[in-house]
Amino acid sequence: MTVRGRSTRKATRVHDGRRAAPVQLVEETPWRWRIDRAGDMRVPGIVFASRQLLPTVAADQSLQQVVNVATLPGIVRASYAMPDVHWGYGFPIGGVAATDVADNGAVSPGGVGFDISCGVRLLVTPLDRAELGPRLAALMDQLELLIPKGMGKGAVWEPAGDAELRRVLTEGARYAVERGHGTARDLERCEDEGVLAGADPDAVSERAKLRGLHQIGSLGSGNHFLEVQVVDRVYDENVAVAFGLHPGQVCVMIHSGSRGLGHQVCSDHVGRMEAAMGRYGIHVPDRQLACVPVRSPEGEAYLAAMAAAANYGRANRQLLGEAARRAFARAVGTDRLEMLYDVSHNLAKLETHQVGGRPCLLCVHRKGATRALPPGHPDLPPALGPVGQPVLVPGSMGTASHVLAGDPGGEAFHSTCHGAGRLVSRTVARHRVSGSALRRQLARAGVEVRAGSDRGLAEEAPTSYKDVDAVVETVELAGLARRVARLVPVGVIKG
């Protein structure tokens, strides 16, 4: 086979832990690998990864999940895996797949995940590192005071009953702004202007609503965080200027999602789809891939509930951003935190893409993968149209994060990576380092940490993740997105 002018015949055989049959990878380029169709696969698998990143992919079951996803009804082009790919529920985390709605294409909650609309928001300030330095500890104290974190209840704002929660579920960040939590410019810089259409609160169970009622404006636990960061490198000056970024600038990155409400929505609809698949003659190799046609009562109910959870997640980040502004005002004397962008990385969206030379309405699943719209795309706000969508890629705690821009190539339905990607489980991570030791290590590196528990810190140790610099380099080489700037943390709030 010839790819980009060179013939490649190398193959790597990777054994899945549950099956005797190996998954065979064919190297097309140093950053792109192919899994040829076999068995029930309807399309090939495509894995974007360097050799440096592949051994981690091979160690878990994510490659087998790429194969499994390729069997979904109506899937087109390929089952894709990003460089941060690792084992997930049904789909690999870092997986992208699109199904043709007109060809009985399926929707699968496993292709979205439990934390629906988990995503990242980046706010930029007029401060530089030297200005912030003397006031950093005071700022972190204020952030710790104002940002609810950890499992369970605790929120910036609680709706006054079911009627107000319904407005959050249907109007997302827009309703938060209407209530005084933010500005119109915030919405201009949100994916879908902060509201995912098609939401129906009646498709969300009462249990899910109850779980969400007391958590709007909270980080949660796990890998969710708020970081105070500094731009330490610019790769593309022209795009950085358009994004409002410059070296030494202080920024705030927020990573959170739809909390318990989104988790419950996923659980509810996985069960319904598993019970319904037989009626549609659907058989999948893994029960975690439970799916139904998009145009079925169960499929439409899931998409309506998922959109409601997505709107909850967007309102959640909007409120967290406002809390960060208040903390800066108290500790630093300015609340000028301007939104660069807010984008989700756990969604299934109905989008039109070219397939076989014709426009097709597709259900694009991005599970641990970020939309990366190219310059000129009609969904971009006018100010970003000439340069493309900001893509926000957080690293592991204490390491760099990246801002990228959508690339005109966009092979994987204009999708790219969402982070560094885990190397080991949280259980293994806890046995490798103690939270207190990690806290001291970060302090020596000049990073102020405020965390709910040492256990939570240990689970998110930097050594538990892939090298985010290598991940984004592979993304750029593969033509999925372009590097714009690198940011390093100076303060971390963890659940």
# chains A, B, ... in the order shown; residues from 1 in each chain; ligands from 1
>>> select_by_dssp(residues="range 412-489 of chain A", states="alpha helix (DSSP H)", output="PyMOL selection string")
chain A and resi 426-432+435-444+454-459+468-477
>>> residues_around(residues="Gly395 in chain A", least_positions_apart="2", cutoff="9 Å", atoms="only C-alpha atoms", output="PyMOL selection string")
chain A and resi 393+397-402+419-421+462+465-469
>>> closest_residue(among="A:His431, A:Arg42, A:Arg326, A:Arg422", to="Gly88 in chain A", atoms="only C-alpha atoms")
A:Arg422
>>> select_by_dssp(residues="range 392-441 of chain A", states="strand (DSSP E)", output="number ranges by chain")
A: 392-393, 401-406, 415-416
>>> write_last_selection(atoms="C-alpha atoms", output="compact mmCIF listing (two decimals), in the first residue's frame")
# COMPACT_ATOMS: atom_id res chain seq x y z
CA LEU A 392 -8.54 22.97 24.27
CA VAL A 393 -6.38 20.00 25.29
CA SER A 401 -2.00 21.97 28.45
CA HIS A 402 -2.38 23.05 24.83
CA VAL A 403 -4.50 25.30 22.67
CA LEU A 404 -4.84 24.11 19.08
CA ALA A 405 -6.87 25.25 16.08
CA GLY A 406 -9.02 23.25 13.69
CA SER A 415 -12.39 15.75 15.43
CA THR A 416 -9.21 15.53 17.46
>>> atom_distance(atom1="CA of Arg430 in chain A", atom2="CA of Val449 in chain A")
17.6 Å
>>> atom_distance(atom1="CA of Gly212 in chain A", atom2="CA of Asp335 in chain A")
28.0 Å
>>> residues_around(residues="Arg179 in chain A", least_positions_apart="2", cutoff="12 Å", atoms="only C-alpha atoms", output="PDB file with N, CA and C atoms, in the first residue's frame")
ATOM      1  N   TRP A 157     -24.867  27.506  42.432  1.00  0.00           N
ATOM      2  CA  TRP A 157     -26.246  27.980  42.392  1.00  0.00           C
ATOM      3  C   TRP A 157     -27.173  26.771  42.330  1.00  0.00           C
ATOM      4  N   GLU A 158     -28.284  26.819  43.064  1.00  0.00           N
ATOM      5  CA  GLU A 158     -29.270  25.750  43.020  1.00  0.00           C
ATOM      6  C   GLU A 158     -30.588  26.292  42.478  1.00  0.00           C
ATOM      7  N   PRO A 159     -31.115  25.692  41.420  1.00  0.00           N
ATOM      8  CA  PRO A 159     -32.402  26.148  40.888  1.00  0.00           C
ATOM      9  C   PRO A 159     -33.504  26.022  41.924  1.00  0.00           C
ATOM     10  N   GLU A 164     -37.323  25.585  37.236  1.00  0.00           N
ATOM     11  CA  GLU A 164     -36.083  26.278  36.884  1.00  0.00           C
ATOM     12  C   GLU A 164     -35.033  25.301  36.361  1.00  0.00           C
ATOM     13  N   ARG A 167     -35.457  24.755  32.741  1.00  0.00           N
ATOM     14  CA  ARG A 167     -34.892  25.800  31.890  1.00  0.00           C
ATOM     15  C   ARG A 167     -33.386  25.601  31.713  1.00  0.00           C
ATOM     16  N   VAL A 168     -32.708  25.147  32.755  1.00  0.00           N
ATOM     17  CA  VAL A 168     -31.285  24.816  32.614  1.00  0.00           C
ATOM     18  C   VAL A 168     -31.109  23.710  31.574  1.00  0.00           C
ATOM     19  N   GLU A 171     -32.044  25.326  28.066  1.00  0.00           N
ATOM     20  CA  GLU A 171     -31.368  26.544  27.609  1.00  0.00           C
ATOM     21  C   GLU A 171     -29.896  26.631  27.981  1.00  0.00           C
ATOM     22  N   GLY A 172     -29.397  25.720  28.780  1.00  0.00           N
ATOM     23  CA  GLY A 172     -27.982  25.621  29.049  1.00  0.00           C
ATOM     24  C   GLY A 172     -27.330  26.890  29.568  1.00  0.00           C
ATOM     25  N   ALA A 173     -26.154  27.198  29.014  1.00  0.00           N
ATOM     26  CA  ALA A 173     -25.405  28.372  29.450  1.00  0.00           C
ATOM     27  C   ALA A 173     -26.179  29.662  29.188  1.00  0.00           C
ATOM     28  N   ARG A 174     -27.049  29.648  28.194  1.00  0.00           N
ATOM     29  CA  ARG A 174     -27.835  30.850  27.882  1.00  0.00           C
ATOM     30  C   ARG A 174     -28.719  31.241  29.071  1.00  0.00           C
ATOM     31  N   TYR A 175     -29.305  30.249  29.733  1.00  0.00           N
ATOM     32  CA  TYR A 175     -30.142  30.560  30.882  1.00  0.00           C
ATOM     33  C   TYR A 175     -29.295  31.069  32.053  1.00  0.00           C
ATOM     34  N   ALA A 176     -28.100  30.500  32.227  1.00  0.00           N
ATOM     35  CA  ALA A 176     -27.215  30.987  33.284  1.00  0.00           C
ATOM     36  C   ALA A 176     -26.873  32.457  33.066  1.00  0.00           C
ATOM     37  N   VAL A 177     -26.597  32.838  31.820  1.00  0.00           N
ATOM     38  CA  VAL A 177     -26.288  34.234  31.512  1.00  0.00           C
ATOM     39  C   VAL A 177     -27.517  35.112  31.742  1.00  0.00           C
ATOM     40  N   HIS A 181     -25.299  35.294  35.349  1.00  0.00           N
ATOM     41  CA  HIS A 181     -24.044  34.574  35.516  1.00  0.00           C
ATOM     42  C   HIS A 181     -23.250  34.603  34.205  1.00  0.00           C
ATOM     43  N   GLY A 182     -22.679  35.783  33.868  1.00  0.00           N
ATOM     44  CA  GLY A 182     -21.875  35.874  32.661  1.00  0.00           C
ATOM     45  C   GLY A 182     -22.388  36.919  31.699  1.00  0.00           C
ATOM     46  N   THR A 183     -21.799  36.916  30.488  1.00  0.00           N
ATOM     47  CA  THR A 183     -22.097  37.940  29.488  1.00  0.00           C
ATOM     48  C   THR A 183     -22.475  37.310  28.152  1.00  0.00           C
ATOM     49  N   ALA A 184     -23.034  38.130  27.281  1.00  0.00           N
ATOM     50  CA  ALA A 184     -23.399  37.656  25.942  1.00  0.00           C
ATOM     51  C   ALA A 184     -22.168  37.176  25.192  1.00  0.00           C
ATOM     52  N   ALA A 315     -24.120  24.884  31.365  1.00  0.00           N
ATOM     53  CA  ALA A 315     -24.481  25.806  32.440  1.00  0.00           C
ATOM     54  C   ALA A 315     -23.532  25.635  33.620  1.00  0.00           C
ATOM     55  N   GLN A 318     -20.377  27.437  32.878  1.00  0.00           N
ATOM     56  CA  GLN A 318     -20.634  28.874  32.895  1.00  0.00           C
ATOM     57  C   GLN A 318     -20.588  29.411  34.329  1.00  0.00           C
ATOM     58  N   LEU A 319     -21.206  28.692  35.241  1.00  0.00           N
ATOM     59  CA  LEU A 319     -21.231  29.121  36.636  1.00  0.00           C
ATOM     60  C   LEU A 319     -19.854  29.018  37.278  1.00  0.00           C
ATOM     61  N   GLU A 322     -17.902  32.029  36.245  1.00  0.00           N
ATOM     62  CA  GLU A 322     -18.297  33.215  37.004  1.00  0.00           C
ATOM     63  C   GLU A 322     -17.705  33.194  38.412  1.00  0.00           C
TER      64      GLU A 322
END
>>> atom_distance(atom1="CA of Gly260 in chain A", atom2="CA of Arg211 in chain A")
5.4 Å
>>> residues_around(residues="Glu473 in chain A", least_positions_apart="6", cutoff="12 Å", atoms="only C-alpha atoms", output="list in words")
Pro30, Trp31, Phe48, Ala49, Ser50, Gln52, Leu53, Met82, Pro83, Asp84, Tyr235, Val393, His402, Leu404, Thr416, Cys417, Ala420, Asp467, Gly479, Leu480, Ala481, Arg482, Arg483, Val484 and Arg486 of chain A
>>> closest_residue(among="A:Asn68, A:Arg185, A:Lys494, A:Asp200", to="Gly222 in chain A", atoms="only C-alpha atoms")
A:Lys494
>>> residues_around(residues="Ala137 in chain A", least_positions_apart="5", cutoff="12 Å", atoms="only C-alpha atoms", output="list in words")
Leu132, Gln142, Leu143, Glu144, Val228, Ala327, Phe328, Ala331, Val332, Ala443, Gly446, Val447, Glu448, Val449, Arg450, Val490, Gly491 and Val492 of chain A
>>> write_last_selection(atoms="C-alpha atoms", output="PDB file, in the first residue's frame")
ATOM      1  CA  LEU A 132       0.087  37.437  39.645  1.00  0.00           C
ATOM      2  CA  GLN A 142     -10.399  32.365  47.141  1.00  0.00           C
ATOM      3  CA  LEU A 143     -10.847  29.792  44.386  1.00  0.00           C
ATOM      4  CA  GLU A 144     -10.907  27.020  46.955  1.00  0.00           C
ATOM      5  CA  VAL A 228      -4.581  28.887  36.821  1.00  0.00           C
ATOM      6  CA  ALA A 327     -12.225  34.970  43.047  1.00  0.00           C
ATOM      7  CA  PHE A 328      -9.957  37.059  40.813  1.00  0.00           C
ATOM      8  CA  ALA A 331      -7.724  38.431  45.363  1.00  0.00           C
ATOM      9  CA  VAL A 332      -6.232  40.220  42.361  1.00  0.00           C
ATOM     10  CA  ALA A 443       4.890  22.836  45.433  1.00  0.00           C
ATOM     11  CA  GLY A 446       5.968  26.259  41.868  1.00  0.00           C
ATOM     12  CA  VAL A 447       2.401  24.894  41.567  1.00  0.00           C
ATOM     13  CA  GLU A 448      -0.093  25.825  44.302  1.00  0.00           C
ATOM     14  CA  VAL A 449      -2.516  22.929  44.889  1.00  0.00           C
ATOM     15  CA  ARG A 450      -5.893  22.912  46.600  1.00  0.00           C
ATOM     16  CA  VAL A 490       0.770  27.638  38.519  1.00  0.00           C
ATOM     17  CA  GLY A 491      -2.308  26.755  40.567  1.00  0.00           C
ATOM     18  CA  VAL A 492      -4.608  23.718  40.656  1.00  0.00           C
TER      19      VAL A 492
END
>>> residues_around(residues="range 276-286 of chain A", least_positions_apart="6", cutoff="12 Å", atoms="only C-alpha atoms", output="PyMOL selection string")
chain A and resi 18-19+39-41+64-74+89-91+104-108+110+269-270+292-299
>>> closest_residue(among="A:Thr125, A:Met140, A:Pro109, A:Gly244", to="Leu384 in chain A", atoms="only C-alpha atoms")
A:Gly244
>>> closest_residue(among="A:Gly410, A:Gly271, A:Gly321, A:Pro381", to="Gln288 in chain A", atoms="only C-alpha atoms")
A:Gly271
>>> closest_residue(among="A:Arg135, A:Ala102, A:Ala78, A:His86", to="Arg330 in chain A", atoms="only C-alpha atoms")
A:Arg135
>>> residues_around(residues="His345 in chain A", least_positions_apart="4", cutoff="9 Å", atoms="only C-alpha atoms", output="compact mmCIF listing (two decimals) with C-alpha atoms, in the first residue's frame")
# COMPACT_ATOMS: atom_id res chain seq x y z
CA VAL A 112 -20.74 9.47 24.49
CA ILE A 116 -22.20 13.80 28.98
CA SER A 117 -20.81 17.09 27.65
CA CYS A 118 -17.74 16.88 29.82
CA GLY A 119 -15.62 19.63 28.31
CA VAL A 120 -13.11 22.42 28.72
CA ARG A 366 -17.10 11.85 19.99
CA LYS A 367 -16.12 9.98 23.16
CA GLY A 368 -13.14 11.69 24.75
CA ALA A 369 -12.65 13.55 21.47
CA THR A 370 -13.04 17.23 20.65
CA ARG A 371 -14.68 18.90 17.68
CA CYS A 417 -7.87 14.46 20.86
CA HIS A 418 -9.26 15.71 24.18
